[in-house]
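Worksheet for the structure shown next.
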Amino acid sequence: MTTRQSLLFVFGLGYSALQLSARLKPAGWAVAGTVRTPAKAAGLQAQGIDAQVWAGEGAPRVPPGAHWLVTLPPDRMGCPGARAAGAVAKDAASITYLSTTGVYGDLKGGWAFEGSPLNPGSPRAAARVRAEIQWRGASEGRARLVRLPGIYGPGRSPFDRLRDGTAQRVIKPGQVFSRVHVDDIAGGLAALLSQPAASGVFHLCDDLPAPPQDVTAFAARLLGLPVPPDVAIGEAGLSEMALSFYAECKRVSNARAKAALGWRPEYPTYREGLAAILDAEGTQRSGT
């Protein structure tokens, strides 16, 4: 029988949550959660994950005593999961909500700490703030908020754009981003789950905020491809969504997660993270 300490229920079994699942299941955890389509549910069930289809209507079937992880994107009213299941949040062993460092807005290159004022600069970030408030209210303050910067990993890296010829080195003077490898999200969340009494806000990110053009250039050199030429941001033809990311410049501190959880990023900079992605691709191709 699954114990209270070994069951994870995920509202939104997506990229980061599945990486966490791959880490937890060998350690004896059972994993359940929601997806939006029957096809994805069937695929995950075949992998031993108790996935159910839930598109936001009604309430999903949440096992009592599970640890909750919420990865759902918010809508204009906040988090659909909080509206659907907030009334039974008291039954959760712990609640962790994945938010974004976008809630701090533009710090003009300054550092974001967990206690920094919230100043969302877009409707998307404002919805995240509403979702955080909802989960804190539903859980009587027990919900842990994990604010994430840009996520990269296998299938979501500069390699993909370099290979299909769409990569650009977009230049905005002084621009830096923090980022995190998906494996380091999984490691940080596993550390947090091992400490149900840990509370408050945590940042999971690497140790080196860096200009995005530097990351693209390093990835190109790893692939042995030409480094794309510099393109001024006003000439890059970026989408409205991409421009919104460039409108904010900040460095994100991970000191509290290190001190409180004993967590350290396996990939402290984008260099180690990108090299690991390429090494894993080579291993898969060779079949070893």
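We label chains A, B, ... in the order they appear in the structure tokens, count residues from 1 in each chain, and number ligands from 1 in the order shown.
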
*asked:* When DSSP is applied to the backbone of this structure, which of stretch 10-40 of chain A are assigned helix (DSSP H, G or I)? Write them out as a ChimeraX atom specification.
replied: /A:15-27,38-40

_If we count only C-alpha atoms and set the cut-off at 7 Å, which residues sit around stretch 95-101 of chain A, ignoring sequence neighbours fewer than 6 positions away in its own chain? Please answer as a list in words._
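Non-adjacent residues within range: His67, Trp68, Leu69, Val70, Thr71, Arg128, Arg142, Ala143, Arg144, Leu145, Val146, Arg147, Leu148 and Pro149 of chain A.
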
Pull N, CA, C and O atoms from the residues just selected and write them as a PDB file, in the first residue's frame.
ATOM      1  N   HIS A  67       1.223  14.110  -1.602  1.00  0.00           N
ATOM      2  CA  HIS A  67       1.918  15.380  -1.780  1.00  0.00           C
ATOM      3  C   HIS A  67       1.461  15.949  -3.119  1.00  0.00           C
ATOM      4  O   HIS A  67       1.469  15.252  -4.133  1.00  0.00           O
ATOM      5  N   TRP A  68       1.102  17.225  -3.130  1.00  0.00           N
ATOM      6  CA  TRP A  68       0.609  17.857  -4.348  1.00  0.00           C
ATOM      7  C   TRP A  68       1.703  18.694  -4.988  1.00  0.00           C
ATOM      8  O   TRP A  68       2.397  19.459  -4.314  1.00  0.00           O
ATOM      9  N   LEU A  69       1.816  18.555  -6.308  1.00  0.00           N
ATOM     10  CA  LEU A  69       2.671  19.439  -7.107  1.00  0.00           C
ATOM     11  C   LEU A  69       1.787  20.047  -8.182  1.00  0.00           C
ATOM     12  O   LEU A  69       1.110  19.330  -8.928  1.00  0.00           O
ATOM     13  N   VAL A  70       1.790  21.369  -8.273  1.00  0.00           N
ATOM     14  CA  VAL A  70       0.926  22.074  -9.216  1.00  0.00           C
ATOM     15  C   VAL A  70       1.792  22.764 -10.257  1.00  0.00           C
ATOM     16  O   VAL A  70       2.592  23.648  -9.937  1.00  0.00           O
ATOM     17  N   THR A  71       1.647  22.361 -11.510  1.00  0.00           N
ATOM     18  CA  THR A  71       2.434  22.938 -12.598  1.00  0.00           C
ATOM     19  C   THR A  71       1.555  23.657 -13.616  1.00  0.00           C
ATOM     20  O   THR A  71       2.059  24.138 -14.629  1.00  0.00           O
ATOM     21  N   ARG A 128       0.075  34.773 -12.443  1.00  0.00           N
ATOM     22  CA  ARG A 128       0.872  33.924 -11.550  1.00  0.00           C
ATOM     23  C   ARG A 128       0.773  34.406 -10.105  1.00  0.00           C
ATOM     24  O   ARG A 128       0.681  33.608  -9.172  1.00  0.00           O
ATOM     25  N   ARG A 142       0.429  26.925   3.913  1.00  0.00           N
ATOM     26  CA  ARG A 142       1.377  25.809   3.853  1.00  0.00           C
ATOM     27  C   ARG A 142       2.031  25.648   2.482  1.00  0.00           C
ATOM     28  O   ARG A 142       3.077  25.007   2.367  1.00  0.00           O
ATOM     29  N   ALA A 143       1.403  26.162   1.436  1.00  0.00           N
ATOM     30  CA  ALA A 143       1.919  25.925   0.091  1.00  0.00           C
ATOM     31  C   ALA A 143       3.309  26.516  -0.079  1.00  0.00           C
ATOM     32  O   ALA A 143       3.558  27.666   0.284  1.00  0.00           O
ATOM     33  N   ARG A 144       4.213  25.721  -0.634  1.00  0.00           N
ATOM     34  CA  ARG A 144       5.554  26.197  -0.983  1.00  0.00           C
ATOM     35  C   ARG A 144       5.509  26.713  -2.418  1.00  0.00           C
ATOM     36  O   ARG A 144       4.947  26.064  -3.298  1.00  0.00           O
ATOM     37  N   LEU A 145       6.087  27.873  -2.640  1.00  0.00           N
ATOM     38  CA  LEU A 145       6.123  28.480  -3.961  1.00  0.00           C
ATOM     39  C   LEU A 145       7.525  28.338  -4.525  1.00  0.00           C
ATOM     40  O   LEU A 145       8.490  28.822  -3.936  1.00  0.00           O
ATOM     41  N   VAL A 146       7.638  27.674  -5.665  1.00  0.00           N
ATOM     42  CA  VAL A 146       8.917  27.515  -6.350  1.00  0.00           C
ATOM     43  C   VAL A 146       8.868  28.375  -7.601  1.00  0.00           C
ATOM     44  O   VAL A 146       8.113  28.083  -8.542  1.00  0.00           O
ATOM     45  N   ARG A 147       9.637  29.448  -7.590  1.00  0.00           N
ATOM     46  CA  ARG A 147       9.655  30.378  -8.721  1.00  0.00           C
ATOM     47  C   ARG A 147      10.821  30.024  -9.638  1.00  0.00           C
ATOM     48  O   ARG A 147      11.983  29.990  -9.201  1.00  0.00           O
ATOM     49  N   LEU A 148      10.499  29.775 -10.895  1.00  0.00           N
ATOM     50  CA  LEU A 148      11.467  29.284 -11.864  1.00  0.00           C
ATOM     51  C   LEU A 148      11.758  30.345 -12.928  1.00  0.00           C
ATOM     52  O   LEU A 148      10.858  31.058 -13.361  1.00  0.00           O
ATOM     53  N   PRO A 149      13.016  30.411 -13.401  1.00  0.00           N
ATOM     54  CA  PRO A 149      13.339  31.234 -14.570  1.00  0.00           C
ATOM     55  C   PRO A 149      13.139  30.415 -15.837  1.00  0.00           C
ATOM     56  O   PRO A 149      12.360  29.454 -15.845  1.00  0.00           O
TER      57      PRO A 149
END

*Write out as an MDAnalysis selection string which residues come within 9 Å of A:Gly33 when counting only C-alpha atoms, dropping same-chain ones fewer than 2 positions away.*
chainID A and resid 8:13 31 35 49:53 60:62 69

*For A:Ser194, which residue out of A:Gly141, A:Arg83, A:Leu7, A:Arg221 is the nearest one, using only C-alpha atoms?*
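Of A:Gly141, A:Arg83, A:Leu7, A:Arg221, the one nearest A:Ser194 is A:Leu7, counting only C-alpha atoms.
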
*Find, counting only C-alpha atoms, the residue in A:Pro209, A:Gly65, A:Pro268, A:Gly56 that gets nearest to A:His181.*
A:Pro268

*So which one's closest to A:Gln175, A:Arg251, A:Val231, A:Ala191, A:Arg130? Using only C-alpha atoms, please.*
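Counting only C-alpha atoms, the residue closest to A:Gln175 is A:Arg251.
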
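In this structure, atom CA of A:Ala82 sits 24.7 Å away from atom CA of A:Gln45.
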
*asked:* When you count only C-alpha atoms, which of these residues is closest to A:Phe113: A:Ser157, A:Leu204, A:Ala59, A:Leu243?
replied: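 Looking only at the distances to A:Phe113, the closest residue turns out to be A:Leu204.
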
*Nearest candidate to A:Gly121 (options A:Ser244, A:Ala232, A:Asp164, A:Val252; using only C-alpha atoms)*: A:Ser244

*asked:* To test your reading of the structure, identify every residue in stretch 20-214 of chain A that backbone DSSP assigns to strand (DSSP E), and report it as a PyMOL selection string.
replied: chain A and resi 30-35+50-53+67-70+94-100+111-112+144-148+150-152+169-171+179-181+201-203

Using N, CA, C and O atoms, can you export the residues from the last selection as a short mmCIF file (atom, residue, chain, number, x, y, z; two decimals), in the first residue's frame?
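What follows is the written file result24.cif:
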data_model
loop_
_atom_site.label_atom_id
_atom_site.label_comp_id
_atom_site.auth_asym_id
_atom_site.auth_seq_id
_atom_site.Cartn_x
_atom_site.Cartn_y
_atom_site.Cartn_z
N ALA A 30 4.98 6.47 -5.69
CA ALA A 30 3.95 6.33 -6.71
C ALA A 30 3.61 7.73 -7.21
O ALA A 30 3.64 8.69 -6.45
N VAL A 31 3.29 7.82 -8.50
CA VAL A 31 3.00 9.11 -9.11
C VAL A 31 1.66 9.04 -9.83
O VAL A 31 1.39 8.09 -10.58
N ALA A 32 0.83 10.03 -9.58
CA ALA A 32 -0.46 10.16 -10.24
C ALA A 32 -0.63 11.62 -10.63
O ALA A 32 0.14 12.49 -10.20
N GLY A 33 -1.64 11.89 -11.45
CA GLY A 33 -1.86 13.29 -11.81
C GLY A 33 -2.76 13.44 -13.01
O GLY A 33 -3.38 12.49 -13.49
N THR A 34 -2.79 14.68 -13.51
CA THR A 34 -3.72 15.02 -14.57
C THR A 34 -3.01 15.35 -15.87
O THR A 34 -1.89 15.87 -15.88
N VAL A 35 -3.69 15.04 -16.97
CA VAL A 35 -3.27 15.44 -18.32
C VAL A 35 -4.53 15.91 -19.04
O VAL A 35 -5.65 15.76 -18.54
N ASP A 50 -0.32 6.93 -12.81
CA ASP A 50 -1.78 6.91 -12.77
C ASP A 50 -2.32 8.25 -13.27
O ASP A 50 -2.69 9.12 -12.49
N ALA A 51 -2.35 8.39 -14.59
CA ALA A 51 -2.76 9.65 -15.20
C ALA A 51 -4.25 9.62 -15.49
O ALA A 51 -4.79 8.62 -15.96
N GLN A 52 -4.92 10.74 -15.22
CA GLN A 52 -6.33 10.89 -15.52
C GLN A 52 -6.53 12.13 -16.37
O GLN A 52 -5.77 13.10 -16.27
N VAL A 53 -7.53 12.11 -17.21
CA VAL A 53 -7.83 13.25 -18.07
C VAL A 53 -8.64 14.26 -17.27
O VAL A 53 -9.68 13.92 -16.68
N HIS A 67 1.22 14.11 -1.60
CA HIS A 67 1.92 15.38 -1.78
C HIS A 67 1.46 15.95 -3.12
O HIS A 67 1.47 15.25 -4.13
N TRP A 68 1.10 17.22 -3.13
CA TRP A 68 0.61 17.86 -4.35
C TRP A 68 1.70 18.69 -4.99
O TRP A 68 2.40 19.46 -4.31
N LEU A 69 1.82 18.55 -6.31
CA LEU A 69 2.67 19.44 -7.11
C LEU A 69 1.79 20.05 -8.18
O LEU A 69 1.11 19.33 -8.93
N VAL A 70 1.79 21.37 -8.27
CA VAL A 70 0.93 22.07 -9.22
C VAL A 70 1.79 22.76 -10.26
O VAL A 70 2.59 23.65 -9.94
N SER A 94 1.66 17.80 1.52
CA SER A 94 2.34 19.06 1.25
C SER A 94 1.82 19.57 -0.08
O SER A 94 1.25 18.81 -0.87
N ILE A 95 2.00 20.86 -0.32
CA ILE A 95 1.59 21.47 -1.58
C ILE A 95 2.73 22.32 -2.09
O ILE A 95 3.26 23.17 -1.36
N THR A 96 3.12 22.08 -3.35
CA THR A 96 4.17 22.86 -3.99
C THR A 96 3.62 23.42 -5.29
O THR A 96 3.13 22.66 -6.14
N TYR A 97 3.70 24.73 -5.44
CA TYR A 97 3.21 25.38 -6.65
C TYR A 97 4.39 25.93 -7.45
O TYR A 97 5.21 26.68 -6.92
N LEU A 98 4.47 25.55 -8.72
CA LEU A 98 5.52 26.04 -9.60
C LEU A 98 5.08 27.35 -10.22
O LEU A 98 4.14 27.39 -11.03
N SER A 99 5.77 28.42 -9.86
CA SER A 99 5.48 29.75 -10.36
C SER A 99 6.66 30.22 -11.22
O SER A 99 7.44 29.40 -11.72
N THR A 100 6.81 31.49 -11.38
CA THR A 100 7.84 32.04 -12.25
C THR A 100 8.51 33.25 -11.62
O THR A 100 7.87 34.00 -10.85
N TRP A 111 19.38 41.79 -8.68
CA TRP A 111 19.14 40.44 -8.17
C TRP A 111 17.73 40.31 -7.62
O TRP A 111 17.25 41.18 -6.89
N ALA A 112 17.09 39.20 -7.93
CA ALA A 112 15.80 38.83 -7.35
C ALA A 112 16.05 37.84 -6.22
O ALA A 112 16.65 36.78 -6.43
N ARG A 144 4.21 25.72 -0.63
CA ARG A 144 5.55 26.20 -0.98
C ARG A 144 5.51 26.71 -2.42
O ARG A 144 4.95 26.06 -3.30
N LEU A 145 6.09 27.87 -2.64
CA LEU A 145 6.12 28.48 -3.96
C LEU A 145 7.53 28.34 -4.52
O LEU A 145 8.49 28.82 -3.94
N VAL A 146 7.64 27.67 -5.66
CA VAL A 146 8.92 27.51 -6.35
C VAL A 146 8.87 28.38 -7.60
O VAL A 146 8.11 28.08 -8.54
N ARG A 147 9.64 29.45 -7.59
CA ARG A 147 9.66 30.38 -8.72
C ARG A 147 10.82 30.02 -9.64
O ARG A 147 11.98 29.99 -9.20
N LEU A 148 10.50 29.77 -10.89
CA LEU A 148 11.47 29.28 -11.86
C LEU A 148 11.76 30.35 -12.93
O LEU A 148 10.86 31.06 -13.36
N GLY A 150 13.84 30.76 -16.91
CA GLY A 150 13.73 30.01 -18.15
C GLY A 150 14.21 28.57 -17.99
O GLY A 150 15.26 28.32 -17.41
N ILE A 151 13.44 27.63 -18.50
CA ILE A 151 13.73 26.20 -18.37
C ILE A 151 14.31 25.69 -19.69
O ILE A 151 13.79 25.99 -20.77
N TYR A 152 15.38 24.91 -19.59
CA TYR A 152 15.91 24.24 -20.78
C TYR A 152 16.23 22.79 -20.44
O TYR A 152 16.26 22.40 -19.27
N ARG A 169 21.36 35.37 -32.60
CA ARG A 169 22.01 35.97 -31.43
C ARG A 169 21.43 37.37 -31.28
O ARG A 169 21.97 38.34 -31.82
N VAL A 170 20.34 37.44 -30.54
CA VAL A 170 19.62 38.70 -30.38
C VAL A 170 20.36 39.55 -29.36
O VAL A 170 20.60 39.12 -28.23
N ILE A 171 20.70 40.77 -29.75
CA ILE A 171 21.50 41.65 -28.89
C ILE A 171 20.64 42.77 -28.32
O ILE A 171 20.06 43.57 -29.04
N ARG A 179 18.50 30.91 -15.76
CA ARG A 179 17.91 29.73 -16.39
C ARG A 179 18.14 28.52 -15.50
O ARG A 179 18.93 28.56 -14.55
N VAL A 180 17.48 27.43 -15.81
CA VAL A 180 17.63 26.20 -15.02
C VAL A 180 17.42 25.00 -15.92
O VAL A 180 16.53 24.98 -16.77
N HIS A 181 18.26 24.00 -15.74
CA HIS A 181 18.11 22.73 -16.46
C HIS A 181 16.98 21.95 -15.81
O HIS A 181 16.83 21.93 -14.59
N VAL A 201 9.10 30.56 -0.05
CA VAL A 201 9.43 30.70 -1.46
C VAL A 201 10.84 30.18 -1.71
O VAL A 201 11.75 30.41 -0.90
N PHE A 202 11.01 29.49 -2.83
CA PHE A 202 12.32 28.97 -3.22
C PHE A 202 12.56 29.28 -4.70
O PHE A 202 11.62 29.20 -5.50
N HIS A 203 13.80 29.60 -5.03
CA HIS A 203 14.21 29.74 -6.43
C HIS A 203 15.06 28.53 -6.81
O HIS A 203 16.02 28.20 -6.10
#

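Take the candidates A:Ala259, A:Gly224, A:Arg124, A:Ala276 and check each one against A:Met241 using only C-alpha atoms; the shortest distance goes to A:Arg124.
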
*Interatomic distance (Å, one decimal) between atom CA of A:Ser6 and atom CA of A:Gly81*: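 Distance between the two atoms: 21.3 Å.
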
*Find the residues around A:Pro123 up to 10 Å (only C-alpha atoms counted), leave out those fewer than 4 positions away in its own chain, and share them as a list in words.*
Asp75, Arg76, Ala127, Arg128 and Val129 of chain A

Keeping only N, CA, C and O atoms, write the selected residues as an mmCIF file, in the first residue's frame.
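Result file follows (part21.cif):
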data_model
loop_
_atom_site.group_PDB
_atom_site.id
_atom_site.type_symbol
_atom_site.label_atom_id
_atom_site.label_comp_id
_atom_site.auth_asym_id
_atom_site.auth_seq_id
_atom_site.Cartn_x
_atom_site.Cartn_y
_atom_site.Cartn_z
ATOM 1 N N ASP A 75 -4.857 30.991 -15.630
ATOM 2 C CA ASP A 75 -5.691 31.757 -16.543
ATOM 3 C C ASP A 75 -5.932 33.127 -15.917
ATOM 4 O O ASP A 75 -5.287 33.478 -14.922
ATOM 5 N N ARG A 76 -6.831 33.902 -16.466
ATOM 6 C CA ARG A 76 -7.034 35.266 -15.958
ATOM 7 C C ARG A 76 -7.506 35.286 -14.510
ATOM 8 O O ARG A 76 -7.305 36.273 -13.794
ATOM 9 N N ALA A 127 -1.189 36.996 -13.450
ATOM 10 C CA ALA A 127 -1.993 35.795 -13.209
ATOM 11 C C ALA A 127 -1.246 34.827 -12.303
ATOM 12 O O ALA A 127 -1.859 34.133 -11.477
ATOM 13 N N ARG A 128 0.075 34.773 -12.443
ATOM 14 C CA ARG A 128 0.872 33.924 -11.550
ATOM 15 C C ARG A 128 0.773 34.406 -10.105
ATOM 16 O O ARG A 128 0.681 33.608 -9.172
ATOM 17 N N VAL A 129 0.809 35.701 -9.914
ATOM 18 C CA VAL A 129 0.673 36.240 -8.562
ATOM 19 C C VAL A 129 -0.685 35.854 -7.976
ATOM 20 O O VAL A 129 -0.782 35.443 -6.811
#

*What is the distance, in Å and to one decimal place, between atom CA of A:Gln195 and atom CA of A:Tyr267?*
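Between atom CA of A:Gln195 and atom CA of A:Tyr267 the gap is 22.4 Å.
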